[in-house]
file run-v6.pdb (PDB, C-alpha atoms, pLDDT in the B column)
ATOM      1  CA  MET L   1      62.424  36.939 -11.669  1.00 51.00           C
ATOM      2  CA  MET L   2      64.389  36.784 -14.930  1.00 47.00           C
ATOM      3  CA  SER L   3      63.918  33.737 -17.161  1.00 50.00           C
ATOM      4  CA  GLN L   4      66.932  31.680 -18.260  1.00 52.00           C
ATOM      5  CA  SER L   5      66.699  33.039 -21.822  1.00 53.00           C
ATOM      6  CA  GLU L   6      66.525  36.639 -20.506  1.00 48.00           C
ATOM      7  CA  SER L   7      69.526  35.963 -18.279  1.00 51.00           C
ATOM      8  CA  ASP L   8      71.465  34.454 -21.211  1.00 54.00           C
ATOM      9  CA  ARG L   9      70.558  37.456 -23.385  1.00 58.00           C
ATOM     10  CA  THR L  10      71.734  39.866 -20.652  1.00 75.00           C
ATOM     11  CA  SER L  11      74.952  37.889 -20.242  1.00 90.00           C
ATOM     12  CA  SER L  12      75.541  37.894 -24.005  1.00 94.00           C
ATOM     13  CA  GLU L  13      74.947  41.637 -24.275  1.00 95.00           C
ATOM     14  CA  ALA L  14      77.357  42.313 -21.386  1.00 95.00           C
ATOM     15  CA  ALA L  15      79.990  40.093 -23.026  1.00 96.00           C
ATOM     16  CA  LYS L  16      79.552  41.891 -26.369  1.00 97.00           C
ATOM     17  CA  GLU L  17      79.946  45.268 -24.684  1.00 97.00           C
ATOM     18  CA  ALA L  18      83.108  44.163 -22.842  1.00 97.00           C
ATOM     19  CA  ALA L  19      84.614  42.727 -26.050  1.00 98.00           C
ATOM     20  CA  ARG L  20      83.717  45.911 -27.958  1.00 97.00           C
ATOM     21  CA  ARG L  21      85.346  48.131 -25.315  1.00 97.00           C
ATOM     22  CA  TYR L  22      88.461  45.923 -25.450  1.00 97.00           C
ATOM     23  CA  LEU L  23      88.716  46.044 -29.255  1.00 97.00           C
ATOM     24  CA  GLU L  24      88.067  49.781 -29.342  1.00 97.00           C
ATOM     25  CA  SER L  25      90.664  50.404 -26.601  1.00 97.00           C
ATOM     26  CA  TYR L  26      93.295  50.216 -29.365  1.00 97.00           C
ATOM     27  CA  ASN L  27      92.033  53.669 -30.398  1.00 97.00           C
ATOM     28  CA  THR L  28      93.681  55.114 -27.272  1.00 96.00           C
ATOM     29  CA  GLN L  29      97.126  54.256 -28.706  1.00 94.00           C
ATOM     30  CA  ARG L  30      98.054  53.000 -25.211  1.00 96.00           C
ATOM     31  CA  LEU L  31      99.133  49.436 -24.486  1.00 96.00           C
ATOM     32  CA  SER L  32      98.031  49.801 -20.841  1.00 97.00           C
ATOM     33  CA  ALA L  33      94.466  50.595 -21.972  1.00 97.00           C
ATOM     34  CA  VAL L  34      94.345  47.417 -24.069  1.00 97.00           C
ATOM     35  CA  MET L  35      95.884  45.215 -21.389  1.00 97.00           C
ATOM     36  CA  ALA L  36      93.387  46.496 -18.791  1.00 98.00           C
ATOM     37  CA  PHE L  37      90.780  44.337 -20.568  1.00 97.00           C
ATOM     38  CA  VAL L  38      92.951  41.189 -20.553  1.00 97.00           C
ATOM     39  CA  HIS L  39      92.348  38.638 -17.782  1.00 98.00           C
ATOM     40  CA  PRO L  40      95.382  37.643 -15.635  1.00 97.00           C
ATOM     41  CA  GLU L  41      94.992  34.022 -16.852  1.00 98.00           C
ATOM     42  CA  HIS L  42      94.746  35.144 -20.484  1.00 98.00           C
ATOM     43  CA  ARG L  43      95.552  32.706 -23.282  1.00 98.00           C
ATOM     44  CA  TYR L  44      95.889  34.039 -26.838  1.00 98.00           C
ATOM     45  CA  HIS L  45      95.802  31.837 -29.944  1.00 97.00           C
ATOM     46  CA  PRO L  46      97.528  33.828 -32.722  1.00 93.00           C
ATOM     47  CA  PRO L  47      96.631  33.666 -36.412  1.00 92.00           C
ATOM     48  CA  GLY L  48      97.834  30.712 -38.403  1.00 86.00           C
ATOM     49  CA  GLY L  49      97.863  28.275 -35.493  1.00 85.00           C
ATOM     50  CA  GLY L  50     100.964  29.581 -33.721  1.00 86.00           C
ATOM     51  CA  ALA L  51     101.735  28.517 -30.170  1.00 93.00           C
ATOM     52  CA  PRO L  52      99.305  29.988 -27.623  1.00 97.00           C
ATOM     53  CA  MET L  53     100.599  32.961 -25.622  1.00 97.00           C
ATOM     54  CA  ASN L  54     100.094  33.746 -21.944  1.00 98.00           C
ATOM     55  CA  ARG L  55      99.343  37.292 -20.745  1.00 98.00           C
ATOM     56  CA  ALA L  56     102.996  38.403 -20.547  1.00 98.00           C
ATOM     57  CA  GLU L  57     103.768  37.036 -24.017  1.00 97.00           C
ATOM     58  CA  ARG L  58     100.665  38.710 -25.393  1.00 97.00           C
ATOM     59  CA  GLU L  59     101.668  42.024 -23.850  1.00 97.00           C
ATOM     60  CA  ALA L  60     105.107  41.769 -25.505  1.00 97.00           C
ATOM     61  CA  ASP L  61     103.422  40.958 -28.837  1.00 95.00           C
ATOM     62  CA  GLU L  62     101.131  43.986 -28.520  1.00 96.00           C
ATOM     63  CA  GLN L  63     104.124  46.165 -27.628  1.00 97.00           C
ATOM     64  CA  PHE L  64     105.653  45.140 -30.956  1.00 96.00           C
ATOM     65  CA  PHE L  65     102.413  46.138 -32.739  1.00 96.00           C
ATOM     66  CA  PHE L  66     102.241  49.534 -31.022  1.00 97.00           C
ATOM     67  CA  ALA L  67     105.910  50.177 -31.924  1.00 97.00           C
ATOM     68  CA  ALA L  68     105.175  49.495 -35.600  1.00 98.00           C
ATOM     69  CA  PHE L  69     101.812  51.262 -36.014  1.00 98.00           C
ATOM     70  CA  SER L  70     100.231  54.525 -34.894  1.00 97.00           C
ATOM     71  CA  ASP L  71      97.029  56.468 -35.573  1.00 97.00           C
ATOM     72  CA  ILE L  72      95.099  53.291 -34.798  1.00 98.00           C
ATOM     73  CA  GLU L  73      91.378  53.295 -35.511  1.00 98.00           C
ATOM     74  CA  SER L  74      89.622  50.063 -34.529  1.00 98.00           C
ATOM     75  CA  VAL L  75      85.987  49.688 -35.593  1.00 98.00           C
ATOM     76  CA  VAL L  76      83.858  46.747 -34.537  1.00 98.00           C
ATOM     77  CA  GLU L  77      81.730  46.054 -37.591  1.00 98.00           C
ATOM     78  CA  GLU L  78      79.657  43.147 -36.274  1.00 98.00           C
ATOM     79  CA  GLN L  79      79.321  40.924 -33.204  1.00 98.00           C
ATOM     80  CA  ILE L  80      77.582  37.711 -32.274  1.00 98.00           C
ATOM     81  CA  ALA L  81      77.529  36.416 -28.711  1.00 97.00           C
ATOM     82  CA  GLU L  82      76.339  33.431 -26.769  1.00 96.00           C
ATOM     83  CA  GLY L  83      76.814  33.698 -23.037  1.00 95.00           C
ATOM     84  CA  ASP L  84      80.428  34.626 -22.312  1.00 96.00           C
ATOM     85  CA  ARG L  85      81.666  33.923 -25.871  1.00 98.00           C
ATOM     86  CA  VAL L  86      81.835  36.693 -28.455  1.00 98.00           C
ATOM     87  CA  ALA L  87      82.711  36.664 -32.158  1.00 98.00           C
ATOM     88  CA  SER L  88      83.640  40.063 -33.596  1.00 98.00           C
ATOM     89  CA  ARG L  89      84.444  41.281 -37.093  1.00 98.00           C
ATOM     90  CA  ILE L  90      86.768  44.274 -36.921  1.00 98.00           C
ATOM     91  CA  THR L  91      88.420  46.708 -39.307  1.00 98.00           C
ATOM     92  CA  MET L  92      91.539  48.345 -37.946  1.00 98.00           C
ATOM     93  CA  ARG L  93      93.161  51.203 -39.804  1.00 98.00           C
ATOM     94  CA  CYS L  94      96.647  52.299 -38.812  1.00 98.00           C
ATOM     95  CA  THR L  95      99.787  53.966 -40.111  1.00 98.00           C
ATOM     96  CA  GLN L  96     103.086  52.104 -40.268  1.00 98.00           C
ATOM     97  CA  THR L  97     105.528  54.353 -38.412  1.00 98.00           C
ATOM     98  CA  GLY L  98     107.947  51.641 -37.216  1.00 97.00           C
ATOM     99  CA  SER L  99     109.420  48.508 -38.734  1.00 96.00           C
ATOM    100  CA  TYR L 100     107.119  45.518 -39.112  1.00 95.00           C
ATOM    101  CA  GLN L 101     107.938  41.983 -40.255  1.00 91.00           C
ATOM    102  CA  GLY L 102     111.328  43.208 -41.509  1.00 92.00           C
ATOM    103  CA  LEU L 103     109.839  46.095 -43.493  1.00 94.00           C
ATOM    104  CA  PRO L 104     111.065  49.603 -42.652  1.00 95.00           C
ATOM    105  CA  PRO L 105     108.480  52.290 -41.819  1.00 97.00           C
ATOM    106  CA  THR L 106     106.517  53.279 -44.918  1.00 96.00           C
ATOM    107  CA  GLY L 107     104.197  55.927 -43.499  1.00 97.00           C
ATOM    108  CA  ARG L 108     101.362  54.098 -45.272  1.00 97.00           C
ATOM    109  CA  ARG L 109      97.893  53.930 -43.819  1.00 97.00           C
ATOM    110  CA  ILE L 110      96.594  50.371 -44.094  1.00 98.00           C
ATOM    111  CA  ALA L 111      93.404  48.502 -43.287  1.00 97.00           C
ATOM    112  CA  ILE L 112      93.476  45.230 -41.384  1.00 97.00           C
ATOM    113  CA  ALA L 113      90.256  43.213 -41.437  1.00 96.00           C
ATOM    114  CA  PHE L 114      90.155  40.493 -38.820  1.00 96.00           C
ATOM    115  CA  ILE L 115      87.957  38.154 -36.845  1.00 98.00           C
ATOM    116  CA  ASP L 116      88.304  37.844 -33.079  1.00 98.00           C
ATOM    117  CA  PHE L 117      86.739  35.133 -30.929  1.00 98.00           C
ATOM    118  CA  ALA L 118      86.842  35.814 -27.211  1.00 98.00           C
ATOM    119  CA  CYS L 119      85.788  33.982 -24.073  1.00 98.00           C
ATOM    120  CA  LEU L 120      85.304  36.310 -21.125  1.00 97.00           C
ATOM    121  CA  ARG L 121      85.538  35.865 -17.394  1.00 96.00           C
ATOM    122  CA  ASP L 122      84.772  38.646 -14.923  1.00 94.00           C
ATOM    123  CA  GLY L 123      84.327  41.061 -17.845  1.00 94.00           C
ATOM    124  CA  LYS L 124      87.863  40.485 -19.152  1.00 97.00           C
ATOM    125  CA  ILE L 125      89.254  38.541 -22.102  1.00 98.00           C
ATOM    126  CA  LEU L 126      90.228  35.127 -20.723  1.00 98.00           C
ATOM    127  CA  GLU L 127      90.872  33.278 -23.978  1.00 98.00           C
ATOM    128  CA  GLU L 128      91.092  34.693 -27.488  1.00 98.00           C
ATOM    129  CA  TRP L 129      91.555  33.533 -31.064  1.00 98.00           C
ATOM    130  CA  ALA L 130      92.306  35.994 -33.871  1.00 96.00           C
ATOM    131  CA  GLU L 131      92.553  35.489 -37.619  1.00 96.00           C
ATOM    132  CA  PHE L 132      93.663  38.061 -40.166  1.00 94.00           C
ATOM    133  CA  ASP L 133      95.213  38.125 -43.635  1.00 91.00           C
ATOM    134  CA  MET L 134      98.965  38.609 -43.052  1.00 91.00           C
ATOM    135  CA  MET L 135      99.678  38.507 -46.790  1.00 92.00           C
ATOM    136  CA  GLY L 136      97.148  41.289 -47.311  1.00 93.00           C
ATOM    137  CA  ILE L 137      98.890  43.395 -44.662  1.00 95.00           C
ATOM    138  CA  LEU L 138     102.311  42.801 -46.202  1.00 94.00           C
ATOM    139  CA  ARG L 139     100.952  43.596 -49.678  1.00 94.00           C
ATOM    140  CA  GLN L 140      99.772  46.995 -48.405  1.00 96.00           C
ATOM    141  CA  LEU L 141     103.208  47.672 -46.896  1.00 95.00           C
ATOM    142  CA  LYS L 142     105.307  46.299 -49.751  1.00 89.00           C
ATOM    143  CA  PRO L 143     107.466  48.891 -51.505  1.00 76.00           C
ATOM    144  CA  GLU L 144     106.012  49.933 -54.833  1.00 73.00           C
ATOM    145  CA  GLU L 145     107.852  48.624 -57.880  1.00 66.00           C
TER     146      GLU L 145
END
call {"tool": "encode", "arguments": {"input": "run-v6.pdb", "output": "structure tokens"}}
result
Amino acid sequence: MMSQSESDRTSSEAAKEAARRYLESYNTQRLSAVMAFVHPEHRYHPPGGGAPMNRAEREADEQFFFAAFSDIESVVEEQIAEGDRVASRITMRCTQTGSYQGLPPTGRRIAIAFIDFACLRDGKILEEWAEFDMMGILRQLKPEE
């Protein structure tokens, strides 16, 4: 029989793997692949303390992202987990091929470093908090003077 600590460790490793697969699903360039990892009762807390989004709102938000960026490469740099909660540090590289935050397409390849905290249920992302440097993103996209 598995001890409680072994069970917790197994649970944590499974949660890390599910979160990693979710974050790396952006590499497919397909919104449906990303949303396949999102729980039906999903609640997303966007950067900067914006109003939480439900699954449908999150899907619309991701659609906006996929319309603005292509050639997405998401790399999970580090993860820490406890039970069904996972903290991940990610670097996402992508090319701006559509308008974003009022900026026309630049064709620039940028790097977005962000932190993602996820709570999983049934192997899917139930609740999620993300933080990234929006000013850093905009600086990379800003027209050169």
call {"tool": "residues_around", "arguments": {"input": "run-v6.pdb", "residues": "region 48-51 of chain L", "least_positions_apart": "5", "cutoff": "12 Å", "atoms": "only C-alpha atoms", "output": "short mmCIF file (atom, residue, chain, number, x, y, z; two decimals) with C-alpha atoms, keeping the file's coordinate frame"}}
result
data_model
loop_
_atom_site.label_atom_id
_atom_site.label_comp_id
_atom_site.auth_asym_id
_atom_site.auth_seq_id
_atom_site.Cartn_x
_atom_site.Cartn_y
_atom_site.Cartn_z
CA ARG L 43 95.55 32.71 -23.28
CA GLU L 57 103.77 37.04 -24.02
CA ARG L 58 100.66 38.71 -25.39
CA TRP L 129 91.56 33.53 -31.06
CA ALA L 130 92.31 35.99 -33.87
CA GLU L 131 92.55 35.49 -37.62
CA PHE L 132 93.66 38.06 -40.17
CA ASP L 133 95.21 38.12 -43.64
CA MET L 134 98.96 38.61 -43.05
CA MET L 135 99.68 38.51 -46.79
#
call {"tool": "closest_residue", "arguments": {"input": "run-v6.pdb", "among": "L:Ala118, L:Ala67, L:Ala15, L:Leu138", "to": "Gln29 (chain L)", "atoms": "all atoms listed in the file"}}
result
L:Ala67
call {"tool": "residues_around", "arguments": {"input": "run-v6.pdb", "residues": "region 139-143 of chain L", "least_positions_apart": "4", "cutoff": "12 Å", "atoms": "all atoms listed in the file", "output": "PyMOL selection string"}}
result
chain L and resi 68-69+93-112+133-135
call {"tool": "atom_distance", "arguments": {"input": "run-v6.pdb", "atom1": "CA of Pro52 (chain L)", "atom2": "CA of Val76 (chain L)"}}
result
23.8 Å
call {"tool": "closest_residue", "arguments": {"input": "run-v6.pdb", "among": "L:Glu128, L:Arg21, L:Ile80, L:Val75", "to": "Pro46 (chain L)", "atoms": "only C-alpha atoms"}}
result
L:Glu128
call {"tool": "atom_distance", "arguments": {"input": "run-v6.pdb", "atom1": "CA of Leu31 (chain L)", "atom2": "CA of Phe66 (chain L)"}}
result
7.2 Å
call {"tool": "closest_residue", "arguments": {"input": "run-v6.pdb", "among": "L:Ile137, L:Glu59, L:Arg89, L:Glu41", "to": "Ile125 (chain L)", "atoms": "all atoms listed in the file"}}
result
L:Glu41
call {"tool": "atom_distance", "arguments": {"input": "run-v6.pdb", "atom1": "CA of Asp122 (chain L)", "atom2": "CA of Glu77 (chain L)"}}
result
24.0 Å
call {"tool": "closest_residue", "arguments": {"input": "run-v6.pdb", "among": "L:Tyr26, L:Tyr44, L:Phe117, L:Phe64", "to": "Glu82 (chain L)", "atoms": "all atoms listed in the file"}}
result
L:Phe117
call {"tool": "resolve_selection", "arguments": {"input": "run-v6.pdb", "expression": "the PyMOL selection byres ((chain L and resi 40) around 10)", "output": "PyMOL selection string"}}
result
chain L and resi 35-39+41-43+54-56+124-126
